[in-house]
Each structure stands twice: as C-alpha cells, then as structure tokens.
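Visitor: Before I ask anything, let me first share the structure, which is written out below as structure tokens.
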Amino acid sequence: MTAQTEERVSRAAWRENESLRRLGACLFAAAVLALMTGATGSSADPAFAVTHSLLRPRILVFVVLGLALFALIEGSSRYGARLRTSLAPATAVRKRFFGMSATRYGVYLALLVLAIVLPLIVSNFWVTVLSQQIGIYVVLAIGLNVVVGFAGLLDLGYIAFFAIGAYTTAFFTGYPKTVPGQISPLPIHPPIHLTPFEVLPIAIFVCFMAGVILGAPTLRLRGDYLAIVTLGFGEIVRIVLVNSDNVPIIHKNFTNGPRGAFGIPHPSFHIGGFGYTWTLSQREYYWLLLGFILVLLFLFRRLEDSRVGRAWTAIREDEVAAAASGVPTVRFKLLAFAIGASTSGLAGVIFASQIQFISPENFPLLNSILVLCYVIFGGMGSLPGVVAGAAALIWLPNILRDYVPPQDRFIYFGALLVVMMIFRPQGMIPSRRRARELELAEGGIGGADAMGGPAGGAAR
Amino acid sequence: MSTAVETLQPAAARNDPVVSVDDVTLRFGGVTSLSGVSLAHQRGEILAVIGPNGAGKTSLFNCLSGVYVPQEGRITFHPSKGKAVSLSGRKPFKVNQLGVARTFQNIRLFNALTAVENVKIGFESRQRTGPIGAMLGLPRARREERESDERAFGLLEFVGLRGRANDLAASLAYGEQRRLEMARAIATGPELLLLDEPAAGTNPSEKLDLERLIRRVNVELGLSVLLIEHDMRLVMSIASRLVVLNFGQVIAGGTPQEVQRNPAVIEAYLGAPETDGEGGSDAARA
C-alpha cells in the first residue's frame with residue numbers, strides 16, 4: 001500500500017505539487033460557478049448549458065476570478081492560510097475519487113460513459129433489451145448477490161419479492177373507492193392514490209417485511225433445505241396471485257388472477273417547477289434504471305466493506321465460529337435476506353410501471369433460477385461480476401435470435417453455463433474473498449457453503 | 001460430586017467466582033458425557049481442565065459456550081459488573097456477548113478474511129452500525145470502523161502478528177493461527193477466555209510463545225482463563241489450579257502439585273506413580 005503510493009508520487013510529482021493542486025481547485029471552482037450561473041439546457045439541445053457556459057467568452061470572467069482567488073491564497077499571508085484550510089474538504093473529495101489507481105479509475109469511467117451513451121448508438125430492439133431485460137435483471141442480480149454472494153444463503157424463490165413489489169405498485173397506483181370514474185390496475189382499491197415513485201418506499205418496506213417473515217422461520221435451516229423452502233415460497237406467491245381472482249367464502253377478486261393487472265401508470269416526478277414523466281420510450285427507462293443501479297452499487301459496495309459485510313462473510317465461512325465470536329448469526333442472515341428482497345421489490349416497482357401490464361406469468365420459477373445463474377456466472381459476491389454476468393447472459397440469447405432457431409437458444413445458454421462452471425467456477429469477475437474461499441475449499445481447508453464448493457452446507 | 005467441590009475449596013482462598021458450574025449433567029441419548037460436574041472458576045486465575053480423551057472436557061466447554069444445553073445443573077456467570085446470569089440454554093453469540101469467549105480445538109478462523117479482518121469481526125460483534133449507517137457512511141459507522149481498525153491492529157501487535165495483519169488467515173503458520181484465534185476471542189471483550197487445547201499441534205518453540213501469551217492475557221489484560229490442555233508441562237507451569245475429569249466426572253482438583261500427588265489422578269489418568277511432565281503428556285496422547 002505505502003510502496004504503491006510512493007511509486008505513484010515519484011511518477012507524477014507535479015500532481016502532488018500543493019500549489020498546482022490549489023490552482024486546479026480554483027479553476028475547477030470557476031468552471032462550476034460558470035455553469036451554475038449560465039443558461040440551462042433543454043431537451044432539444046442538452047449540451048447547450050455546457051457550450052454556453054464554458055466555450056463562450058464569458059468564461060474568461062470566471063477564469064480571472066479563479067486566478068484572483070489563487071493569487072490571494074498564494075500571495076496573501078493574512079487570508080491565504082484560512083482559505084487553504086477551507087479548501088481542504090475539496091482536496092479530500094478529490095483524493096477520495098482519484099485515490100484509486102489511475103487505470104482502474106479510467107476503466108470505470110470509460111464503462112460508465114459507455115453505459116450512458118449505449119442506448120443512443122444501438123438499435124431500438126437492443127434499447128428495449130437494455131431497459132426491459134438487462135436493466136431490470138441487473139438490479140435483481142445485485143439484490144440476490146447480497147443473499148447468495150455476501151451471506152451465502154441459497155434463495156430459489158427470489159422472484160417472489162419481485163412479484164410482490166410489482167403487485168404493490170399495481171395496488172397503490174389504483175384509485176381509492178371515493179374517486180369515481182377512474183380505472184385501477186387491480187380490482188381492489190388502495191387507501192390513497194400514489195405515483196410509482198411514491199410507491200417505491202412502500203414496496204421496499206413491504207418486501208423487506210416479506211423477507212423477514214419468510215426468513216424468520218426458515219433461516220435456521222442450512223443450505224439445501226433453505227433452497228427448497230424458498231423455492232416453495234416463490235411458487236406459493238405466484239399461485240396465490242393466479243388463484244386470487246375468486247377467493248372462496250368471501251367471493252372477492254383481488255388480483256384478476258391470470259389476467260393480471262393492467263394500466264399501471266408510468267413514473268413521474270414533480271419537484272418545485274421541475275418535473276418529468278417517463279413514457280413508452282425505453283431509452284429514458286434505461287437511464288432511470290442505470291441511475292438506480294449506480295446508487296445500489298455505491299451503497300452495496302460500502303455495505304460489503306463494513307461491519308455488516310464482514311459479519312456476512314464470517315457467517316458464510318463458519319457459522320459456529322461466527323456465533324462464538326459474538327456475531328448474531330440469525331439476525332444477520334435475516335438482514336441479508338430482507339435487503340435482497342427489498343432490492344427485488346424496487347426492481348418490481350420499476351418493472352411494473354415500465355411495462356404497465358403485469359401478470360403472474362412474469363414471475364415463474366425459471367426467472368428465480370436465471371437470476372441465480374447471472375449471479376453465479378458473473379461471480380458470487382462480486383458487484384462488477386454480477387452486473388457483467390447478468391448483462392452477458394441476457395445478451396447471449398438475444399444475439400442468438402438472429403443466428404439459431406429460437407427453440408435452440410437455451411441449449412447454447414446451458415452449454416455456456418456448463419463450460420463456465422468447469423473452467424472458471426469462480427465466475428467472470430470473481431470477488432476477492434470468494435475466489436480465496438474456492439481455492440481453499442479445493443485445497444480441503446475451511447468450509448465453503450452450499451454455493452461455494454465441495455464442503456456442502458448440509459454436511460457441515 | 002460434592003466431594004470434588006470440597007477438595008477444590010481449600011485451594012481457592014478467596015471465593016469470587018467468575019463462572020460457577022453446579023452439578024451439570026449432559027447426556028446424548030444413552031451416553032452420559034458429563035455427570036454432576038461442579039467447579040468454581042475464581043476471578044483472575046488460570047484454571048486448567050485435564051483428563052484423558054473422552055473425559056468430557058470439550059463437552060464442558062461446549063456447555064459453557066452455549067453450544068450444548070445440559071439436561072441438569074446450573075452454569076452461572078458472574079460478570080464483574082452487574083448481576084450473575086445463567087449461561088445454560090443461551091445462544092452461543094449471546095454467551096459471547098455476556099463476556100465468555102472461546103477458541104476451538106481444531107482452529108476455526110475465517111480463512112478467506114485477512115488476519116486483521118478476523119480480529120475486527122470480534123470487535124464488531126459489539127458495535128451497533130446497521131446496514132443503513134454502513135451504506136450511507138454515517139458518522140457513527142465511520143467512527144466505529146476507525147475504532148475497530150485501531151483496536152484490531154493494537155491487538156495483533158499484542159499477540160505478535162502485527163506484521164501479518166493483511167495476510168490471509170489461511171496462509172498463517174499453525175502457531176500463528178492459534179494466536180490469531182485467541183486475538184479474535186479477546187477482541188470480543190470477554191472477562192473469561194476459554195481455550196480449547198491451544199497448544200495442540202504446535203512445536204516446542206510455538207508452545208513457549210503460547211505459554212507466554214496466555215500469561216500476558218491473564219496478567220496484562222486481566223482475563224480469567226479456562227484452559228483444556230493435554231500438554232502437562234504447559235499445564236503445570238501456567239495453571240494456578242487444575243480440575244481433573246474422567247468419564248464425565250470431576251475426580252480431583254487443586255494446585256498442580258496437589259493434583260500430581262493425588263492417587264485418584266495417578267490411577268485414572270497419569271497411569272504411573274512416578275510422574276513427570278513428559279510422561280503425563282504421553283499418557284494423555286495414548
């Protein structure tokens with residue numbers, strides 16, 4: 001670590017020059033100021049704000065201001081020191097983001113830019129794939145990764161929480177009984193009418209609770225048994241949705257059964273004078289999902305490297321030792337389960353308002369298994385891995401559409417999974433910890449969980 | 001087994017137990033693993049439990065740490081502050097949080113984590129940062145993270161593993177793993193440390209290190225230590241008192257000298273009237 005830092009310092013000594021850095025900060029502040037005071041863009045010309053603020057002569061005013069600030073800091077003994085200390089937080093932020101190795105930062109940045117411009121350069125078909133399949137399933141995979149990758153619990157009913165999130169959206173975007181003449185997605189009426197964004201926290205909470213309710217009695221089970229129970233749960237939720245169009249005794253229709261819920265509105269938000277409504281156009285949905293994915297990646301990255309993430313690793317590695325070290329194992333497993341479930345619920349909300357029509361057919365067992373495949377294929381416990389895994393495995397059947405008969409597509413899918421598991425069981429981009437576990441398990445040291453290697457869960 | 005308790009009492013001048021075991025009986029189906037075991041571990045002492053294989057030593061440990069629940073009897077923990085609490089029937093993590101930490105006979109580290117991360121798990125089991133605090137990097141989360149980092153490095157320094165902080169637990173040498181496991185247990189902030197055969201499988205020089213370390217844990221950190229060990233030389237040199245188990249019963253207790261002279265022990269365990277350290281340990285391994 002220290003050696004690495006030293007090397008970087010010697011390689012780019014000019015970057016470590018305090019004065020130069022302050023000059024940079026001053027100019028950066030000037031540019032931000034110019035942008036803030038300049039014109040705003042419009043949908044017709046999104047880059048207008050940037051060109052207008054930074055490439056017109058008025059920028060010179062701000063540059064002069066920035067240079068004046070710099071001169072004041074460097075030249076004045078009286079104000080300089082005080083200003084320098086007030087600039088310290090900005091330096092800390094810079095260090096935070098540029099502290100990681102330059103190549104890594106560059107790769108991430110390039111990928112981000114690519115992810116943003118991708119829907120502008122591909123055909124409409126692929127934009128739809130990006131938003132309706134990849135976007136949604138990447139969110140699902142990130143959520144399942146918490147359960148399977150971080151905590152080592154095998155969840156085969158994961159799609160049920162997705163369904164709960166979607167149906168919660170259908171319910172709350174309906175209209176109360178008191179509002180006549182409006183058609184609700186479901187035949188039952190919510191207490192209040194909400195937009196999909198307003199449903200978001202409710203759906204997350206509902207799925208969190210659903211995760212806790214399912215988890216509390218079942219998380220005492222080990223690997224394989226837990227998998228069967230969750231599989232059962234997933235099917236129960238789907239079948240309840242199918243059969244609740246005429247509930248016996250009370251003769252009431254709750255879910256429209258196999259016909260599903262339709263007419264779920266697109267999301268929109270209005271804050272102050274600023275507002276936006278998503279439409280059928282898939283590109284904007286993709287960007288919305290991309291935003292959610294970035295936030296989730298940021299949050300879960302921190303979670304992984306925190307007390308909570310380490311406790312999950314400990315439980316996954318050796319539950320007995322974790323408990324003996326004071327880790328409340330059941331509580332942490334429950335937490336992983338519930339966090340995964342609420343992420344799934346979040347995906348459900350966006351999915352429901354994106355395609356506007358949901359039915360139990362959207363939530364078959366196969367989808368639970370597919371999400372699990374994405375996680376394992378990408379690399380359990382690795383956030384970049386599961387994103388890449390989901391993207392790659394959804395891309396494959398879609399690209400094969402043009403080359404092979406449609407009914408053959410999953411043969412290639414299956415073959416790829418088999419080959420991958422033989423030659424690279426740790427996944428595309430394995431997590432540091434998981435890769436070690438797999439190595440150790442192969443060497444016969446330590447116990448990997450039911451997902452991780454030969455020392456299976458039930459045997460422990 | 002009241003006779004055994006009586007033989008223990010004179011050796012312990014004070015009566016300020018950190019944990020007391022009263023008439024504990026543990027059965028597995030028809031097999032009685034512990035039968036009417038009683039002992040009192042005085043605060044601040046190093047108490048060793050010895051006995052031939054299958055005598056019930058590890059069963060006793062598992063009862064103390066909440067892994068097994070004895071069918072009869074009481075196990076009471078007396079924290080230095082606060083009321084005495086019963087340990088039997090509590091979940092292992094709860095027992096740990098009350099202040100009783102343990103190590104395992106077959107080392108159980110988190111192999112995919114680094115040494116310092118292993119120790120941090122111990123500290124962090126007492127922390128309160130939740131998922132939201134961790135995700136958003138709230139002040140408490142950051143403070144606790146910093147704290148557990150500092151303390152974990154400090155503790156690694158204490159056990160002599162500072163230089164290996166960022167190595168994987170699995171890559172450490174055997175003796176180092178033993179010490180790391182102790183560090184992880186100490187990190188949970190116990191008053192009583194249960195060591196299950198800490199010297200098993202270590203070489204003579206590692207044994208010396210361990211002996212020194214256990215003494216320092218006892219003296220410098222002020223922890224009471226309960227120890228299962230087969231190595232008689234180690235036991236006789238560091239334990240202030242011994243309890244001898246055989247077939248699930250306490251057959252003797254007292255200072256190392258008293259136990260070495262006790263005819264019941266010699267007959268049941270050491271096997272020969274002439275005893276020295278090495279002979280004893282051979283008998284134990286046989």
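Identifiers in this document derive from the order of the structure tokens: chains are assigned A, B, ..., residues are numbered from 1 separately in each chain, and ligands are numbered from 1 in order of occurrence.
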Would you give me, as a list in words, the residues of chain A that come within 7 Å of chain B, using only C-alpha atoms?

Guide: Leu299, Phe300, Arg302, Leu303, Ser306, Arg307, Val308, Arg310, Ala311, Ala314, Glu317, Asp318, Ala321, Ala323, Ala324, Ser325, Gly326, Val327, Pro328, Arg433, Arg436, Glu437 and Gly446 of chain A

Visitor: Go ahead and write the residues just picked, C-alpha atoms, as a short mmCIF file (atom, residue, chain, number, x, y, z; two decimals), in the first residue's frame.

Guide:
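Contents of part12.cif, freshly written:
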```cif
data_model
loop_
_atom_site.label_atom_id
_atom_site.label_comp_id
_atom_site.auth_asym_id
_atom_site.auth_seq_id
_atom_site.Cartn_x
_atom_site.Cartn_y
_atom_site.Cartn_z
CA LEU A 299 -24.42 1.53 -1.37
CA PHE A 300 -23.73 -2.19 -1.51
CA ARG A 302 -19.90 0.20 1.17
CA LEU A 303 -22.05 -2.41 2.85
CA SER A 306 -18.42 -2.65 6.53
CA ARG A 307 -19.07 -4.42 9.78
CA VAL A 308 -22.21 -5.92 8.22
CA ARG A 310 -17.65 -8.80 7.21
CA ALA A 311 -20.18 -10.42 9.53
CA ALA A 314 -17.89 -14.76 8.70
CA GLU A 317 -17.28 -19.15 6.15
CA ASP A 318 -18.00 -20.75 9.51
CA ALA A 321 -17.08 -19.67 14.78
CA ALA A 323 -21.52 -17.19 16.64
CA ALA A 324 -18.68 -17.90 19.04
CA SER A 325 -17.21 -14.53 18.08
CA GLY A 326 -20.40 -12.82 19.13
CA VAL A 327 -22.00 -12.38 15.71
CA PRO A 328 -25.79 -12.73 15.98
CA ARG A 433 -12.95 -13.17 -0.85
CA ARG A 436 -9.95 -17.32 -1.97
CA GLU A 437 -12.68 -19.45 -0.46
CA GLY A 446 -12.14 -24.43 5.51
#
```

Visitor: Mind checking which residues fall within 9 Å of Pro406 (chain A), counting only C-alpha atoms, ignoring those fewer than 5 positions away in the same chain, and posting them as a list in words?

Guide: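 Here the qualifying residues turn out to be Pro397, Leu400 and Arg401 of chain A.
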
Visitor: Tell me, in Å to one decimal, how far CA of Val217 (chain B) is from CA of Leu194 (chain B).

Guide: 11.8 Å

Visitor: Per DSSP on the backbone, what are the strand (DSSP E or B) residues of region 149-263 of chain B, as a list in words?

Guide: Leu168, Leu192, Leu193, Leu194, Leu195, Asp196, Ser224, Val225, Leu226, Leu227, Ile228, Arg241, Leu242, Val243, Val244, Leu245, Asn246, Gln249, Val250, Ile251, Ala252, Gly253 and Gly254 of chain B

Visitor: Emit the selected residues as a short mmCIF file (atom, residue, chain, number, x, y, z; two decimals), in the first residue's frame, including N, CA and C atoms.

Guide:
```
data_model
loop_
_atom_site.label_atom_id
_atom_site.label_comp_id
_atom_site.auth_asym_id
_atom_site.auth_seq_id
_atom_site.Cartn_x
_atom_site.Cartn_y
_atom_site.Cartn_z
N LEU B 168 -3.83 -13.47 4.54
CA LEU B 168 -5.00 -14.31 4.75
C LEU B 168 -4.80 -15.20 5.96
N LEU B 192 -13.94 -13.82 30.62
CA LEU B 192 -13.45 -15.20 30.74
C LEU B 192 -13.11 -15.71 29.35
N LEU B 193 -11.91 -16.26 29.25
CA LEU B 193 -11.46 -16.78 27.95
C LEU B 193 -11.34 -18.29 28.06
N LEU B 194 -12.05 -19.01 27.19
CA LEU B 194 -11.97 -20.47 27.18
C LEU B 194 -11.03 -20.89 26.07
N LEU B 195 -9.97 -21.59 26.41
CA LEU B 195 -9.01 -22.02 25.39
C LEU B 195 -9.07 -23.54 25.28
N ASP B 196 -9.48 -24.01 24.11
CA ASP B 196 -9.62 -25.46 23.91
C ASP B 196 -8.35 -25.98 23.25
N SER B 224 -9.73 -13.87 33.06
CA SER B 224 -9.70 -15.21 33.65
C SER B 224 -9.59 -16.19 32.50
N VAL B 225 -8.77 -17.21 32.67
CA VAL B 225 -8.56 -18.16 31.58
C VAL B 225 -8.94 -19.56 32.03
N LEU B 226 -9.80 -20.20 31.24
CA LEU B 226 -10.12 -21.61 31.49
C LEU B 226 -9.55 -22.37 30.30
N LEU B 227 -8.79 -23.42 30.61
CA LEU B 227 -7.94 -24.00 29.59
C LEU B 227 -8.08 -25.51 29.59
N ILE B 228 -8.26 -26.06 28.40
CA ILE B 228 -8.17 -27.51 28.27
C ILE B 228 -6.83 -27.78 27.64
N ARG B 241 -4.68 -23.51 39.12
CA ARG B 241 -5.38 -24.66 39.67
C ARG B 241 -5.77 -25.61 38.54
N LEU B 242 -6.03 -26.85 38.89
CA LEU B 242 -6.41 -27.86 37.91
C LEU B 242 -7.71 -28.53 38.34
N VAL B 243 -8.48 -28.94 37.36
CA VAL B 243 -9.62 -29.80 37.63
C VAL B 243 -9.43 -31.01 36.74
N VAL B 244 -9.55 -32.18 37.32
CA VAL B 244 -9.34 -33.39 36.54
C VAL B 244 -10.67 -34.07 36.28
N LEU B 245 -10.96 -34.31 35.01
CA LEU B 245 -12.19 -35.00 34.63
C LEU B 245 -11.85 -36.42 34.19
N ASN B 246 -12.73 -37.36 34.53
CA ASN B 246 -12.60 -38.71 33.99
C ASN B 246 -13.99 -39.30 33.87
N GLN B 249 -16.79 -37.15 35.10
CA GLN B 249 -16.91 -36.74 36.50
C GLN B 249 -15.64 -36.04 36.95
N VAL B 250 -15.80 -35.12 37.90
CA VAL B 250 -14.63 -34.47 38.46
C VAL B 250 -14.02 -35.43 39.47
N ILE B 251 -12.77 -35.84 39.24
CA ILE B 251 -12.18 -36.79 40.19
C ILE B 251 -11.18 -36.13 41.10
N ALA B 252 -10.72 -34.94 40.73
CA ALA B 252 -9.78 -34.27 41.61
C ALA B 252 -9.70 -32.81 41.24
N GLY B 253 -9.10 -32.05 42.13
CA GLY B 253 -8.90 -30.63 41.84
C GLY B 253 -7.89 -30.08 42.81
N GLY B 254 -7.28 -28.96 42.44
CA GLY B 254 -6.32 -28.36 43.34
C GLY B 254 -5.17 -27.75 42.58
#
```

Visitor: Do a neighbour search on Ser244 (chain A) at 12 Å with only C-alpha atoms, toss out local chain neighbours closer than 5 positions, and write the hits as a list in words.

Guide: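 Once the nearby chain positions are removed, what remains is Leu186, Pro187, Ile188, Ile236, Val237, Arg238, Ile239, Ile249, Ile250, His251, Lys252, Asn253, Phe254, Thr255, Asn256, Gly257, Pro258, Arg259, Gly260 and Pro360 of chain A.
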
Visitor: Which neighbours of Phe150 (chain A) fall inside 8 Å, counting only C-alpha atoms, when residues of the same chain fewer than 2 positions from it are skipped, and could you give them as a PyMOL selection string?

Guide: chain A and resi 145-148+152+304+309+312-313+316+336+380-381

Visitor: Do you know which residues are at most 10 Å from region 75-85 of chain B counting only C-alpha atoms, after dropping those on the same chain fewer than 4 positions away, and could you put them as JSON, numbers by chain?

Guide: {"B": [16, 17, 18, 19, 20, 21, 22, 23, 24, 38, 39, 40, 41, 43, 63, 64, 70, 89, 95, 98, 99, 100, 190, 191, 192]}

Visitor: Name the residues of region 55-225 of chain B that come out as alpha helix (DSSP H) in a backbone DSSP run; write them as a PyMOL selection string.

Guide: chain B and resi 57-64+92-98+115-124+131-136+139-159+174-187+204-219
